[in-house]
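Shown next: final17.txt, given as compact mmCIF, C-alpha atoms.
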```
# COMPACT_ATOMS: atom_id res chain seq x y z
CA MET I 1 8.47 -1.85 -10.77
CA PHE I 2 6.07 0.13 -8.61
CA SER I 3 7.92 2.34 -6.12
CA GLY I 4 4.83 3.53 -4.25
CA LEU I 5 5.30 7.02 -5.63
CA LEU I 6 2.05 8.89 -6.22
CA SER I 7 3.17 12.45 -5.54
CA LYS I 8 5.77 14.44 -3.62
CA TYR I 9 3.71 14.17 -0.46
CA LEU I 10 2.11 10.76 -0.97
CA ASN I 11 4.29 7.67 -1.20
CA LEU I 12 2.87 4.24 -0.39
CA ASP I 13 6.09 2.67 0.87
CA GLN I 14 4.35 -0.39 2.30
CA PHE I 15 3.06 -1.30 -1.17
CA SER I 16 6.27 -0.43 -3.01
CA THR I 17 7.99 -3.33 -4.76
CA HIS I 18 11.36 -1.62 -4.42
CA HIS I 19 10.96 -1.03 -0.68
CA ILE I 20 9.92 -4.63 -0.06
CA VAL I 21 12.75 -6.06 -2.18
CA ASN I 22 15.25 -3.88 -0.29
CA LYS I 23 13.90 -5.11 3.02
CA LEU I 24 13.99 -8.78 2.06
CA ALA I 25 17.45 -8.55 0.48
CA TYR I 26 18.76 -6.76 3.56
CA GLN I 27 17.30 -9.43 5.83
CA ALA I 28 18.80 -12.18 3.68
CA ILE I 29 22.28 -10.71 4.18
CA PHE I 30 22.39 -9.28 7.68
CA GLN I 31 19.70 -11.01 9.72
CA ARG I 32 19.45 -14.52 8.41
CA ARG I 33 23.16 -14.91 7.68
CA ARG I 34 24.17 -13.14 10.89
CA PHE I 35 26.63 -11.11 8.86
CA SER I 36 27.60 -7.57 9.82
CA PHE I 37 29.60 -4.92 8.03
CA MET I 38 30.01 -1.77 10.04
CA HIS I 39 30.16 0.55 7.03
CA PHE I 40 27.12 -0.72 5.15
CA PRO I 41 24.19 1.72 5.43
CA SER I 42 21.15 0.83 7.50
CA LEU I 43 17.95 -0.28 5.85
CA SER I 44 16.18 2.93 6.85
CA ASP I 45 18.93 5.01 5.22
CA ILE I 46 18.64 2.97 2.02
CA GLN I 47 14.87 3.31 1.94
CA THR I 48 15.25 7.08 2.17
CA TYR I 49 16.46 7.08 -1.43
CA GLU I 50 13.42 5.35 -2.85
CA GLY I 51 10.13 6.89 -3.88
CA TYR I 52 10.27 10.62 -4.48
CA ARG I 53 13.99 10.83 -3.63
CA GLY I 54 14.78 7.78 -5.73
CA PRO I 55 15.23 7.11 -9.45
CA ASP I 56 11.48 7.09 -10.11
CA GLY I 57 11.17 10.49 -8.47
CA LEU I 58 13.87 11.86 -10.75
CA TRP I 59 12.18 10.22 -13.73
CA ILE I 60 8.77 11.69 -12.92
CA ARG I 61 10.37 15.12 -12.52
CA LYS I 62 11.95 14.55 -15.96
CA GLN I 63 15.47 14.67 -14.56
CA MET I 64 16.48 11.12 -15.53
CA PRO I 65 16.38 9.43 -18.95
CA THR I 66 13.80 6.70 -19.35
CA SER I 67 16.40 4.46 -21.00
CA GLN I 68 18.28 4.13 -17.70
CA HIS I 69 15.36 2.09 -16.37
CA ALA I 70 15.11 -0.18 -19.41
CA TYR I 71 16.99 -2.98 -21.12
CA ASN I 72 15.75 -4.90 -24.14
CA PRO I 73 17.40 -8.37 -24.17
CA VAL I 74 16.43 -8.87 -27.81
CA ASN I 75 18.23 -5.90 -29.37
CA GLY I 76 20.53 -5.00 -26.47
CA GLU I 77 19.23 -1.43 -26.25
CA GLY I 78 18.68 0.37 -22.96
CA ASN I 79 21.09 1.72 -20.36
CA ALA I 80 19.97 -0.17 -17.25
CA LEU I 81 23.00 -2.47 -17.21
CA SER I 82 25.39 0.45 -17.63
CA VAL I 83 23.78 2.30 -14.73
CA ILE I 84 23.99 -0.83 -12.58
CA SER I 85 27.71 -1.00 -13.29
CA SER I 86 28.31 2.64 -12.37
CA GLU I 87 26.16 2.48 -9.22
CA TYR I 88 28.00 -0.66 -8.13
CA ASP I 89 31.34 1.13 -8.51
CA LEU I 90 30.04 4.09 -6.54
CA LEU I 91 28.72 1.86 -3.76
CA GLN I 92 31.96 -0.05 -3.47
CA SER I 93 34.10 3.09 -3.35
CA SER I 94 31.89 4.91 -0.83
CA LEU I 95 31.22 2.12 1.66
CA THR I 96 34.11 2.95 3.95
CA ASN I 97 34.21 6.75 3.72
CA ASP I 98 30.88 8.27 2.63
CA PRO I 99 27.77 6.87 4.39
CA ARG I 100 25.29 9.13 2.58
CA THR I 101 26.60 8.25 -0.88
CA ALA I 102 26.72 4.57 0.09
CA ALA I 103 23.05 4.63 1.14
CA ARG I 104 22.04 6.37 -2.06
CA SER I 105 24.11 4.03 -4.24
CA ALA I 106 22.77 0.92 -2.49
CA ALA I 107 19.20 2.11 -3.09
CA TYR I 108 19.82 3.12 -6.70
CA LEU I 109 21.70 -0.10 -7.43
CA SER I 110 18.83 -2.16 -6.07
CA HIS I 111 16.30 -0.08 -7.98
CA PHE I 112 17.96 -0.55 -11.35
CA ILE I 113 18.54 -4.27 -10.72
CA VAL I 114 14.82 -4.73 -10.12
CA ASP I 115 13.94 -2.62 -13.16
CA ALA I 116 16.31 -4.58 -15.38
CA LEU I 117 14.65 -7.84 -14.30
CA ASP I 118 11.16 -6.40 -14.68
CA PRO I 119 9.64 -7.88 -17.89
CA ALA I 120 7.76 -4.62 -18.48
CA HIS I 121 11.13 -2.89 -18.89
CA HIS I 122 12.24 -5.31 -21.61
CA ILE I 123 9.99 -3.69 -24.20
CA GLY I 124 11.01 -0.81 -26.44
CA ASN I 125 14.01 0.82 -28.04
CA PHE I 126 15.85 4.12 -28.27
CA LYS I 127 13.97 6.88 -30.03
CA SER I 128 15.49 7.68 -33.39
CA ARG I 129 14.34 11.25 -33.81
CA ASP I 130 16.93 13.94 -33.21
CA PRO I 131 16.99 15.88 -31.03
CA VAL I 132 14.98 14.25 -28.23
CA PRO I 133 14.45 15.48 -24.67
CA VAL I 134 16.92 13.92 -22.27
CA TYR I 135 14.18 12.29 -20.22
CA ASP I 136 12.20 11.05 -23.24
CA ASP I 137 14.80 8.94 -25.06
CA TRP I 138 12.97 5.60 -24.90
CA SER I 139 10.05 4.35 -26.96
CA ASP I 140 7.70 1.98 -25.12
CA PRO I 141 4.41 1.16 -26.89
CA PHE I 142 2.73 0.68 -23.51
CA LEU I 143 4.05 3.81 -21.76
CA ASP I 144 3.43 7.39 -22.86
CA MET I 145 5.69 9.96 -21.21
CA ARG I 146 3.47 12.74 -22.52
CA GLN I 147 0.64 11.61 -20.26
CA SER I 148 0.39 11.96 -16.50
CA PHE I 149 0.83 9.09 -14.07
CA TRP I 150 -2.92 8.82 -13.54
CA LYS I 151 -3.56 8.44 -17.27
CA ASN I 152 -0.69 6.01 -17.72
CA ILE I 153 -2.03 3.85 -14.91
CA ARG I 154 -4.48 2.32 -17.37
CA ASN I 155 -1.72 1.23 -19.72
CA ARG I 156 -0.25 -2.25 -19.72
CA HIS I 157 3.07 -1.17 -18.24
CA PHE I 158 1.70 0.26 -15.02
CA PHE I 159 -1.11 -2.27 -14.74
CA PHE I 160 1.38 -5.14 -14.78
CA GLU I 161 3.58 -3.45 -12.18
CA LEU I 162 0.69 -2.56 -9.89
CA CYS I 163 -0.63 -6.12 -9.99
CA SER I 164 2.86 -7.50 -9.34
CA ALA I 165 3.31 -5.10 -6.41
CA PHE I 166 0.01 -6.29 -4.95
CA TYR I 167 1.08 -9.93 -5.30
CA LEU I 168 4.36 -9.21 -3.51
CA TRP I 169 2.72 -7.16 -0.76
CA ARG I 170 0.27 -9.95 0.02
CA SER I 171 2.88 -12.71 -0.12
CA GLN I 172 6.04 -11.06 1.20
CA HIS I 173 6.08 -13.29 4.28
CA LEU I 174 6.79 -16.23 1.96
CA PHE I 175 10.04 -14.67 0.79
CA LEU I 176 11.65 -15.00 4.19
CA ARG I 177 12.64 -18.41 2.84
CA VAL I 178 15.04 -16.86 0.33
CA PRO I 179 18.24 -18.98 0.47
CA ARG I 180 20.52 -17.83 3.26
CA ARG I 181 23.60 -17.79 1.07
CA PRO I 182 22.87 -16.43 -2.42
CA LEU I 183 26.54 -16.73 -3.35
CA GLN I 184 29.77 -17.69 -1.65
CA PHE I 185 32.90 -15.75 -2.56
CA ARG I 186 35.42 -18.48 -1.85
CA HIS I 187 37.81 -17.64 -4.64
CA LYS I 188 39.29 -14.37 -5.84
CA LYS I 189 38.53 -14.89 -9.52
CA PHE I 190 34.92 -13.74 -9.20
CA TYR I 191 35.24 -10.13 -10.30
CA LYS I 192 32.83 -7.44 -11.42
CA PRO I 193 32.81 -8.44 -15.14
CA GLN I 194 31.72 -11.97 -14.21
CA LEU I 195 29.08 -10.54 -11.89
CA LEU I 196 27.64 -8.31 -14.62
CA LEU I 197 27.73 -11.15 -17.14
CA LEU I 198 25.88 -13.41 -14.71
CA PHE I 199 23.24 -10.75 -14.19
CA LYS I 200 22.84 -10.15 -17.92
CA LYS I 201 22.20 -13.86 -18.39
CA ARG I 202 19.58 -13.70 -15.65
CA VAL I 203 17.81 -10.86 -17.45
CA GLN I 204 17.84 -12.82 -20.71
CA TYR I 205 16.56 -15.89 -18.90
CA VAL I 206 13.63 -13.93 -17.45
CA HIS I 207 12.76 -12.60 -20.88
CA ARG I 208 12.44 -16.11 -22.32
CA PHE I 209 9.43 -16.81 -20.09
CA ARG I 210 7.44 -14.01 -21.79
CA ILE I 211 5.83 -13.19 -18.46
CA TYR I 212 4.78 -9.71 -19.54
CA GLU I 213 3.07 -10.84 -22.74
CA ARG I 214 1.36 -13.87 -21.18
CA PHE I 215 0.10 -11.85 -18.22
CA PHE I 216 -2.53 -10.23 -20.44
CA ILE I 217 -3.81 -13.54 -21.80
CA ARG I 218 -6.63 -14.59 -19.51
CA ARG I 219 -5.98 -18.32 -19.64
CA HIS I 220 -2.34 -17.78 -18.61
CA ARG I 221 -2.98 -15.29 -15.79
CA ILE I 222 -2.91 -17.76 -12.88
CA GLN I 223 0.22 -19.51 -14.15
CA VAL I 224 1.99 -16.19 -14.70
CA LYS I 225 1.07 -15.03 -11.21
CA ARG I 226 2.72 -18.15 -9.81
CA GLN I 227 5.83 -17.49 -11.88
CA ILE I 228 6.00 -13.92 -10.63
CA LEU I 229 5.85 -15.08 -7.01
CA SER I 230 7.93 -18.25 -7.21
CA PHE I 231 10.53 -17.19 -9.77
CA LEU I 232 10.68 -13.48 -10.62
CA PHE I 233 10.60 -11.90 -7.16
CA PRO I 234 12.99 -14.41 -5.55
CA LEU I 235 15.39 -13.76 -8.42
CA MET I 236 15.16 -10.01 -7.81
CA ILE I 237 15.84 -10.44 -4.10
CA ARG I 238 18.80 -12.75 -4.68
CA SER I 239 20.26 -10.44 -7.32
CA VAL I 240 20.12 -7.39 -5.07
CA SER I 241 21.68 -9.27 -2.16
CA LEU I 242 24.31 -10.66 -4.54
CA PHE I 243 25.43 -7.22 -5.72
CA TRP I 244 25.39 -5.80 -2.19
CA MET I 245 27.40 -8.74 -0.87
CA HIS I 246 29.93 -8.49 -3.67
CA ALA I 247 30.39 -4.76 -3.03
CA ILE I 248 30.91 -5.49 0.67
CA GLN I 249 33.45 -8.18 -0.13
CA GLN I 250 35.40 -5.93 -2.49
CA ALA I 251 35.32 -3.01 -0.06
CA SER I 252 36.53 -5.20 2.79
CA LEU I 253 39.50 -6.72 0.95
CA GLY I 254 41.74 -3.88 2.04
CA ARG I 255 40.26 -3.47 5.50
CA LYS I 256 39.04 -6.20 7.84
CA THR I 257 35.82 -4.48 8.75
CA HIS I 258 33.42 -7.37 8.30
CA VAL I 259 32.48 -9.72 11.09
CA LEU I 260 31.00 -13.20 10.93
CA ARG I 261 29.33 -13.92 14.24
```
Output the structure of this file as structure tokens.
Amino acid sequence: MFSGLLSKYLNLDQFSTHHIVNKLAYQAIFQRRRFSFMHFPSLSDIQTYEGYRGPDGLWIRKQMPTSQHAYNPVNGEGNALSVISSEYDLLQSSLTNDPRTAARSAAYLSHFIVDALDPAHHIGNFKSRDPVPVYDDWSDPFLDMRQSFWKNIRNRHFFFELCSAFYLWRSQHLFLRVPRRPLQFRHKKFYKPQLLLLFKKRVQYVHRFRIYERFFIRRHRIQVKRQILSFLFPLMIRSVSLFWMHAIQQASLGRKTHVLR
């Protein structure tokens, strides 16, 4: 999704899908649920690792493989789910002893969750030619890594994400109604493998709606816009808050550092 990144010195945070999702997920956990965890990074610290300092910044500088932002539910290719797993582990392990790493991991975890749920990131497959540049390991018919951002902006991939970002920016006040309790951890059998399996099923469920393909059919545009606002973005917000909450719960099992007011 659009991260507001235009250049090193120009980042439109207020229009960034990732920034807005972070804000709404953070509010869903800490403001609306009146839940506090003294070691979880602040929202401002998390937002620091978006944009140029985030995954998209690394990707634009050709320091991160494209496949880490993608997952194709049809053929199972793409490394987004693997990166989510590793960033979750890093967040959980750093919450109580490394604030900077925790902030970075929370931001990166959120970023890759949103990307994995983004229908535009469900298209493509690994490139078969050998060798390939590390950053250019993913083949997307609607995204050309050889072109600049400003040339790619006309392609389907970026056009879909820019339109979606605009929808979210205009309607973000509606998402304050995200359910207060995205998940209750009332039993100890809900572990990371179940969490990742649940998320994978969510990604597959999103893909079945064919939002990306139908978006470019004029007669479906209004219906797809409604699905993006009423289904896709709330699912992204709930998923981010779910992973953050689960990391908090796991980190607090050994230390009673969480407080319910």
Restrict the calculation to all atoms listed in the file, then for each residue of stretch 44-103 of chain I with any atom at most 10 Å from an atom of stretch 207-230 of chain I give the closest atom pair and their distance in Å to one decimal, rows by chain and rising residue number, as JSON lines.
```
{"residue": "I:Asn72", "atom": "CA", "partner": "I:His207", "partner_atom": "CA", "distance": 8.9}
{"residue": "I:Pro73", "atom": "CA", "partner": "I:His207", "partner_atom": "CA", "distance": 7.1}
{"residue": "I:Val74", "atom": "CA", "partner": "I:His207", "partner_atom": "CA", "distance": 8.7}
```
For the selection you just gave me, I'd like the residues written to a file as a tab-separated table (two decimals), in the coordinates of the input, keeping C-alpha atoms.
```tsv
chain	number	residue	atom	x	y	z
I	72	ASN	CA	15.75	-4.90	-24.14
I	73	PRO	CA	17.40	-8.37	-24.17
I	74	VAL	CA	16.43	-8.87	-27.81
```
- Task: Just give me the gap between atom CA of I:Gln47 and atom CA of I:Leu195 in Å, one decimal is fine.
- Result: 24.2 Å
- Query: In Å, how far is it from atom CA of I:Leu253 to atom CA of I:Gln92?
  - Reply: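 Those two atoms sit 11.0 Å apart.
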- Item | Nearest residue to I:Gln63 from the set I:Gln194, I:Phe142, I:Val206, I:Pro133 (distances using all atoms listed in the file) | I:Pro133
- Shell around I:Asp45 at 10 Å using all atoms listed in the file, local window under 6 positions removed, as number ranges by chain: I: 99-100, 102-104, 106-107
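Each of I:His111, I:His246, I:Lys201, I:His39 was checked against I:Ser94 using all atoms listed in the file; the smallest atom-to-atom distance is that of I:His39.
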- Query: Mind pulling up the distance from atom CA of I:Tyr88 to atom CA of I:Cys163?
  - Reply: 29.2 Å
- Message: Counting only C-alpha atoms, which residues sit no farther than 9 Å from the position (13.8, 5.2, -31.9) in the file's frame? I'd like them as a ChimeraX atom specification.
- Response: /I:124-129,137-139
Written selection (C-alpha atoms) as a short mmCIF file (atom, residue, chain, number, x, y, z; two decimals), keeping the file's coordinate frame:
```cif
data_model
loop_
_atom_site.label_atom_id
_atom_site.label_comp_id
_atom_site.auth_asym_id
_atom_site.auth_seq_id
_atom_site.Cartn_x
_atom_site.Cartn_y
_atom_site.Cartn_z
CA GLY I 124 11.01 -0.81 -26.44
CA ASN I 125 14.01 0.82 -28.04
CA PHE I 126 15.85 4.12 -28.27
CA LYS I 127 13.97 6.88 -30.03
CA SER I 128 15.49 7.68 -33.39
CA ARG I 129 14.34 11.25 -33.81
CA ASP I 137 14.80 8.94 -25.06
CA TRP I 138 12.97 5.60 -24.90
CA SER I 139 10.05 4.35 -26.96
#
```
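Checking I:Asp136, I:Asp118, I:Glu87, I:Glu161 one by one against I:Trp244, counting only C-alpha atoms, you find the shortest gap at I:Glu87.
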- Task: Might you pull out every residue within 12 Å of I:Tyr49, with all atoms listed in the file counted and same-chain residues fewer than 2 positions away left off, and present them as a ChimeraX atom specification?
- Result: /I:3,5,13,18-19,22,41-47,51-58,100-111
Expected file: the selected residues, C-alpha atoms, as an mmCIF file, in the frame of the given file:
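Wrote it out as part31.cif, contents follow:
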```cif
data_model
loop_
_atom_site.group_PDB
_atom_site.id
_atom_site.type_symbol
_atom_site.label_atom_id
_atom_site.label_comp_id
_atom_site.auth_asym_id
_atom_site.auth_seq_id
_atom_site.Cartn_x
_atom_site.Cartn_y
_atom_site.Cartn_z
ATOM 1 C CA SER I 3 7.920 2.340 -6.120
ATOM 2 C CA LEU I 5 5.300 7.020 -5.630
ATOM 3 C CA ASP I 13 6.090 2.670 0.870
ATOM 4 C CA HIS I 18 11.360 -1.620 -4.420
ATOM 5 C CA HIS I 19 10.960 -1.030 -0.680
ATOM 6 C CA ASN I 22 15.250 -3.880 -0.290
ATOM 7 C CA PRO I 41 24.190 1.720 5.430
ATOM 8 C CA SER I 42 21.150 0.830 7.500
ATOM 9 C CA LEU I 43 17.950 -0.280 5.850
ATOM 10 C CA SER I 44 16.180 2.930 6.850
ATOM 11 C CA ASP I 45 18.930 5.010 5.220
ATOM 12 C CA ILE I 46 18.640 2.970 2.020
ATOM 13 C CA GLN I 47 14.870 3.310 1.940
ATOM 14 C CA GLY I 51 10.130 6.890 -3.880
ATOM 15 C CA TYR I 52 10.270 10.620 -4.480
ATOM 16 C CA ARG I 53 13.990 10.830 -3.630
ATOM 17 C CA GLY I 54 14.780 7.780 -5.730
ATOM 18 C CA PRO I 55 15.230 7.110 -9.450
ATOM 19 C CA ASP I 56 11.480 7.090 -10.110
ATOM 20 C CA GLY I 57 11.170 10.490 -8.470
ATOM 21 C CA LEU I 58 13.870 11.860 -10.750
ATOM 22 C CA ARG I 100 25.290 9.130 2.580
ATOM 23 C CA THR I 101 26.600 8.250 -0.880
ATOM 24 C CA ALA I 102 26.720 4.570 0.090
ATOM 25 C CA ALA I 103 23.050 4.630 1.140
ATOM 26 C CA ARG I 104 22.040 6.370 -2.060
ATOM 27 C CA SER I 105 24.110 4.030 -4.240
ATOM 28 C CA ALA I 106 22.770 0.920 -2.490
ATOM 29 C CA ALA I 107 19.200 2.110 -3.090
ATOM 30 C CA TYR I 108 19.820 3.120 -6.700
ATOM 31 C CA LEU I 109 21.700 -0.100 -7.430
ATOM 32 C CA SER I 110 18.830 -2.160 -6.070
ATOM 33 C CA HIS I 111 16.300 -0.080 -7.980
#
```
- For I:His69: contacts at 8 Å, all atoms listed in the file, fewer than 6 positions along chain excluded, given as a list in words: Gly78, Asn79, Ala80, Phe112, Asp115, Ala116 and His121 of chain I
- Item | From I:Glu50, I:Ala70, I:Leu143, I:Gln31, residue lying nearest I:Leu12 [all atoms listed in the file] |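 Ranked by minimum distance to I:Leu12, first place goes to I:Glu50.
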